[in-house]
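Worksheet: one structure, shown below.
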There are 2 protein chains.
Amino acid sequence: MAESFKTLPGFRDFYPEDCAHRNYLFSVWRRVAARYGFKEYDGPVLEPTELYKKKSGNEIVNQLFCFDDKGDRAVSMRPELTPTLARMAAARQRDYRKPMRWFSIGQFFRYERHQKGRGREFYQFNCDTLGEDSSQADAELISLSIDLMRELGFTKDDFQIGLSDRNAWVHFAAESGLTEEQTLNFLQIIDKMGRTPAEKLESSLAELNLTKDRVDAFIAKGATVSERIPQVLQSLEARGLSEFVKVNLNIVRGLAYYTSTVFEIFDVSKGMRAIAGGGRYNQLVKLIGNADMPAFGFAMGDMVILDLIKETPHANQKMLEAIHDQEAADIAFILADDDRYDDLLACTQEARNAGFSCVTPLAAQKVGKQFQAAEQAGTRLAVVIGSEYPEIQIKSLKDRSAITTQKESLLATISKTLDS
Amino acid sequence: MAESFKTLPGFRDFYPEDCAHRNYLFSVWRRVAARYGFKEYDGPVLEPTELYKKKSGNEIVNQLFCFDDKGDRAVSMRPELTPTLARMAAARQRDYRKPMRWFSIGQFFRYERHQKGRGREFYQFNCDTLGEDSSQADAELISLSIDLMRELGFTKDDFQIGLSDRNAWVHFAAESGLTEEQTLNFLQIIDKMGRTPAEKLESSLAELNLTKDRVDAFIAKGATVSERIPQVLQSLEARGLSEFVKVNLNIVRGLAYYTSTVFEIFDVSKGMRAIAGGGRYNQLVKLIGNADMPAFGFAMGDMVILDLIKETPHANQKMLEAIHDQEAADIAFILADDDRYDDLLACTQEARNAGFSCVTPLAAQKVGKQFQAAEQAGTRLAVVIGSEYPEIQIKSLKDRSAITTQKESLLATISKTLDS
């Protein structure tokens with residue numbers, strides 16, 4: 001008896017239909033990043049565990065897929081990209097003109113409870129500007145994130161950018177007399193505020209000599225508590241993108257390394273899931289690579305956004321049309337006379353040499369079955385090679401029209417029929 | 001003092017220029033696979049270690065990046081894709097019309113000695129036909145591999161397909177009275193024959209009661225010892241691809257699961273490196289997933305082929321041109337008057353909304369420096385926003401021609417200038 005193998009919990013098989021969704025998302029990520037002049041890079045999937053300790057915050061470190069390799073190195077499958085980016089940028093900062101505009105699409109691994117919208121592996125789009133501290137750099141990336149959402153088919157009724165400034169909270173904490181350690185604790189409390197029961201929240205704040213009223217009053221002040229937020233808003237206004245953005249001081253982001261502007265994209269219509277987020281991290285490159293390089297970045301995972309696309313009819317429709325355009329073959333070659341197999345192969349190769357995508361039979365099969373397979377796959381044309389060869393019949397599988405041609409004019413006829 | 005982090009030995013950082021090479025290769029892999037009607041899929045990077053034991057052969061199992069996860073499962077970072085494919089295909093074989101034409105592009109991990117053309121991680125293109133045992137299916141994939149090489153710019157003077165039949169050797173071994181275990185050992189000897197000193201080879205063969213003369217005599221018989229090879233050759237002949245293929249019985253492939261046709265692509269001009277290889281494996285899907293599904297597949301890694309592209313001027317030139325077409329931004333916006341920043345942002349956004357790729361300044365900078373950066377990046381047009389706004393100057397960075405336009409006709413002028 002054969003053993004039966006299963007996919008590990010929290011890991012995914014990408015069958016062709018799932019892979020097409022994934023690749024559609026990747027292609028939108030790439031297209032919009034290119035529209036902003038960003039260049040793709042990537043780092044190793046496996047890194048020294050040390051790279052993540054104290055840099056990423058405890059939550060991530062506890063979720064590492066970590067082990068000792070055969071050379072006794074403590075290594076981890078990457079849980080996020082930013083520490084790798086900081087290492088890479090610092091190591092070769094002299095080779096690149098500043099600001100560096102870099103993006104990456106890659107897979108990440110966190111051992112956490114497997115649930116909807118969260119697996120033990122996921123893909124993430126990471127987009128960062130390095131070597132520029134201006135608020136325009138912040139606005140440029142927020143603008144990019146908005147254009148990503150629009151390119152996926154979402155409108156201002158589907159999503160919203162929440163804009164905040166972690167630095168405003170750090171000032172608040174300092175004015176409230178909190179120590180550095182208390183401040184980190186306090187930021188965690190704010191981060192989790194929306195998900196914390198009122199009583200628990202009050203008692204956590206009381207331990208820091210704070211009240212929910214004082215915190216709420218600060219949040220209500222909005223943009224005025226920050227130097228940065230008004231500048232970012234003005235830039236987005238000039239770009240005509242104000243309607244997508246709302247100041248929301250509740251956002252501080254979980255990761256330890258953010259220094260001022262932070263933002264998240266929320267799903268407005270389906271329950272306020274966080275779709276993407278990021279912010280400014282001006283100290284991390286120095287901490288990891290000893291190079292002084294202010295930076296701003298954000299990341300978007302694949303799981304929540306793909307769920308949201310599938311739940312949103314206009315976005316889903318856009319995805320399915322793009323996938324059909326991308327995936328459907330131009331031509332199915334149909335073998336109508338088994339003795340003409342070599343001729344069919346010659347015609348297939350000729351069409352492929354000209355760049356057409358062609359499905360060709362790998363064994364004799366009934367003509368009806370061949371047509372059925374071509375139609376189900378959404379193929380555009382059927383090219384029938386039969387006993388009349390070198391006379392060839394070309395059938396449009398869209399409008400069922402048929403046209404007869406000769407071998408010599410096969411390519412020209414295919415081009416004309418595909419264009420019409 | 002900051003710590004200094006390093007990339008693990010055998011792992012690679014993909015800086016933008018390296019990532020562009022990688023992505024060029026990926027795009028050719030995808031384009032040619034689509035031309036043959038293949039659909040992309042992918043599996044998990046982490047799999048149960050058991051999946052590779054006894055299926056992949058000892059060499060690979062000894063090189064696994066394996067560990068126990070936080071749930072005490074014995075897991076491995078994937079060293080190859082075929083066992084995953086066999087698991088996936090078997091699990092959902094009823095959902096797909098046969099033959100299944102599937103390809104994948106992914107990363108793999110083997111802990112081996114780090115050397116030129118071989119790292120501890122690498123990318124691989126995997127391309128497989130499942131559910132079809134015909135020799136046409138073998139020829140179709142060999143044809144695809146030839147078209148891959150041609151699409152990368154290589155000619156018949158650069159590479160050659162070595163075609164063989166492992167089954168012929170199994171018959172030879174049976175006629176020579178070898179047991180099943182001796183046969184596996186014998187296949188390993190043939191696989192390594194070209195790299196084994198004559199004396200060692202003779203003594204290994206002598207242990208099996210064989211001589212090098214007998215083996216050489218068998219190899220000299222070529223296609224005639226195989227039922228399959230002549231059929232595959234005829235199909236490639238019908239496709240006009242004979243000149244790329246040569247029978248070479250020395251090829252048996254290292255992996256344990258191949259059953260008949262096997263082939264490799266060699267670099268002819270630069271030292272006969274193996275670029276890609278594969279073959280028929282009719283038992284593996286049954287062994288792993290208990291489904292009777294004949295299969296044929298091949299894989300090409302990224303490291304040897306990228307080395308070969310860079311060493312081969314016509315292939316390298318083709319790659320560099322494709323990368324430039326892909327990577328260069330359409331427009332660099334130039335800020336010639338700091339007071340016009342908001343106007344520049346509005347124009348940038350308008351151009352991006354129309355789909356143009358635009359680099360825009362994130363802080364004030366000297367106009368000369370802005371032009372210099374745009375030219376070095378290979379940008380096509382410079383759009384200058386200055387004190388005359390809404391009058392705008394557009395400069396071609398290719399032929400230095402300049403044209404003046406108004407804000408209202410910006411997009412139309414950009415389109416016209418880019419097309420010319």
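Naming works like this for the structure tokens: A, B, ... for the chains as they're shown, residue 1 at the start of each chain, ligands 1 onward in shown order.
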
>> Could you list, as a list in words, every residue within 10 Å of Glu327 of chain A, counting only C-alpha atoms and ignoring same-chain residues fewer than 2 positions away?
In response: Ala20, Glu321, Ala322, Ile323, His324, Asp325, Ala329, Asp330, Ser357, Ala377, Gly378 and Thr379 of chain A; Ala34, Gly37, Phe38, Lys39 and Glu40 of chain B

> Taking only C-alpha atoms into account, which residues of chain B are within 7 Å of chain A, as a PyMOL selection string?
Replying inline: chain B and resi 2-5+7-8+11-16+19+34-37+39-44+47-48+51+65+67+69+87+134+136-137+238-239+287-290+329+342+345-346+349+352+355-359+362-363

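Atom pair atom CA of Leu148 of chain B / atom CA of Val28 of chain A has a distance of 25.6 Å (rounded to one decimal).
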
>> What does the structure give for the distance between atom CA of Val268 of chain A and atom CA of Phe218 of chain A, in Å to one decimal?
In response: 24.0 Å

>> Run DSSP on the backbone and tell me which residues of segment 168-255 of chain A come out as alpha helix (DSSP H); list them as a ChimeraX atom specification.
In response: /A:168-175,180-192,198-206,212-220,228-238

Output of the above residues as a JSON list (two decimals), in the first residue's frame, restricted to C-alpha atoms:
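Result file follows (again-v9.json):
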```
[["chain", "number", "residue", "atom", "x", "y", "z"],
["A", 168, "ALA", "CA", 2.97, 61.85, 18.52],
["A", 169, "TRP", "CA", 2.39, 59.00, 20.97],
["A", 170, "VAL", "CA", 6.02, 58.98, 22.02],
["A", 171, "HIS", "CA", 5.68, 62.69, 22.86],
["A", 172, "PHE", "CA", 2.44, 61.99, 24.70],
["A", 173, "ALA", "CA", 4.19, 59.26, 26.70],
["A", 174, "ALA", "CA", 7.12, 61.54, 27.54],
["A", 175, "GLU", "CA", 4.79, 64.31, 28.69],
["A", 180, "GLU", "CA", 11.34, 54.14, 27.63],
["A", 181, "GLU", "CA", 10.24, 50.64, 28.63],
["A", 182, "GLN", "CA", 6.82, 51.90, 29.74],
["A", 183, "THR", "CA", 6.49, 53.72, 26.42],
["A", 184, "LEU", "CA", 6.99, 50.48, 24.45],
["A", 185, "ASN", "CA", 4.38, 48.83, 26.66],
["A", 186, "PHE", "CA", 2.05, 51.80, 26.16],
["A", 187, "LEU", "CA", 2.38, 51.62, 22.35],
["A", 188, "GLN", "CA", 1.36, 47.95, 22.51],
["A", 189, "ILE", "CA", -1.72, 48.95, 24.51],
["A", 190, "ILE", "CA", -2.72, 51.56, 21.91],
["A", 191, "ASP", "CA", -2.08, 49.04, 19.09],
["A", 192, "LYS", "CA", -4.48, 46.54, 20.67],
["A", 198, "ALA", "CA", -12.92, 48.29, 28.35],
["A", 199, "GLU", "CA", -12.12, 47.10, 31.89],
["A", 200, "LYS", "CA", -8.83, 45.45, 30.91],
["A", 201, "LEU", "CA", -7.87, 48.59, 28.94],
["A", 202, "GLU", "CA", -8.58, 50.89, 31.89],
["A", 203, "SER", "CA", -6.53, 48.75, 34.25],
["A", 204, "SER", "CA", -3.57, 48.49, 31.84],
["A", 205, "LEU", "CA", -3.60, 52.28, 31.43],
["A", 206, "ALA", "CA", -4.00, 52.81, 35.19],
["A", 212, "LYS", "CA", -8.86, 56.10, 28.77],
["A", 213, "ASP", "CA", -10.36, 59.60, 28.80],
["A", 214, "ARG", "CA", -6.96, 61.20, 28.45],
["A", 215, "VAL", "CA", -6.01, 58.82, 25.63],
["A", 216, "ASP", "CA", -9.35, 59.41, 23.87],
["A", 217, "ALA", "CA", -8.96, 63.17, 24.18],
["A", 218, "PHE", "CA", -5.53, 62.91, 22.55],
["A", 219, "ILE", "CA", -6.87, 60.75, 19.70],
["A", 220, "ALA", "CA", -9.65, 63.30, 19.12],
["A", 228, "ARG", "CA", 4.29, 65.04, 9.90],
["A", 229, "ILE", "CA", 0.64, 64.16, 9.27],
["A", 230, "PRO", "CA", -0.41, 67.59, 7.86],
["A", 231, "GLN", "CA", 2.50, 67.52, 5.40],
["A", 232, "VAL", "CA", 1.60, 64.04, 4.21],
["A", 233, "LEU", "CA", -2.04, 65.07, 3.85],
["A", 234, "GLN", "CA", -1.08, 68.08, 1.77],
["A", 235, "SER", "CA", 0.93, 65.95, -0.63],
["A", 236, "LEU", "CA", -1.94, 63.50, -1.02],
["A", 237, "GLU", "CA", -4.29, 66.44, -1.58],
["A", 238, "ALA", "CA", -2.05, 67.73, -4.41]]
```

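Between Ala315 of chain B and the candidates B:Trp29, B:Tyr52, B:Phe125, B:Phe154, the tightest atom-to-atom separation, counting only C-alpha atoms, involves B:Phe154.
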
> Smallest atom-to-atom distance to Tyr123 of chain B: which of B:Leu306, B:Ala274, B:Ala223, B:Ile414, using only C-alpha atoms?
Replying inline: B:Leu306

>> Write out as a ChimeraX atom specification the set of residues from segment 80-158 of chain A that DSSP, computed on the backbone, places in strand (DSSP E or B).
In response: /A:100-109,115,118,121-130

>> Just to confirm, what's the straight-line distance from atom CA of Asp337 of chain B to atom CA of Ile403 of chain B in Å (one decimal)?
In response: 18.5 Å

> Near segment 155-167 of chain A, counting only C-alpha atoms, which residues have an atom at most 10 Å away, once you skip same-chain residues fewer than 4 positions from it, shown as a PyMOL selection string?
Replying inline: chain A and resi 142-143+145-146+149-151+171-173+187+219+222-223+225-229+232-233+241-253+258-270+272-277+279-280+308+312+314-315
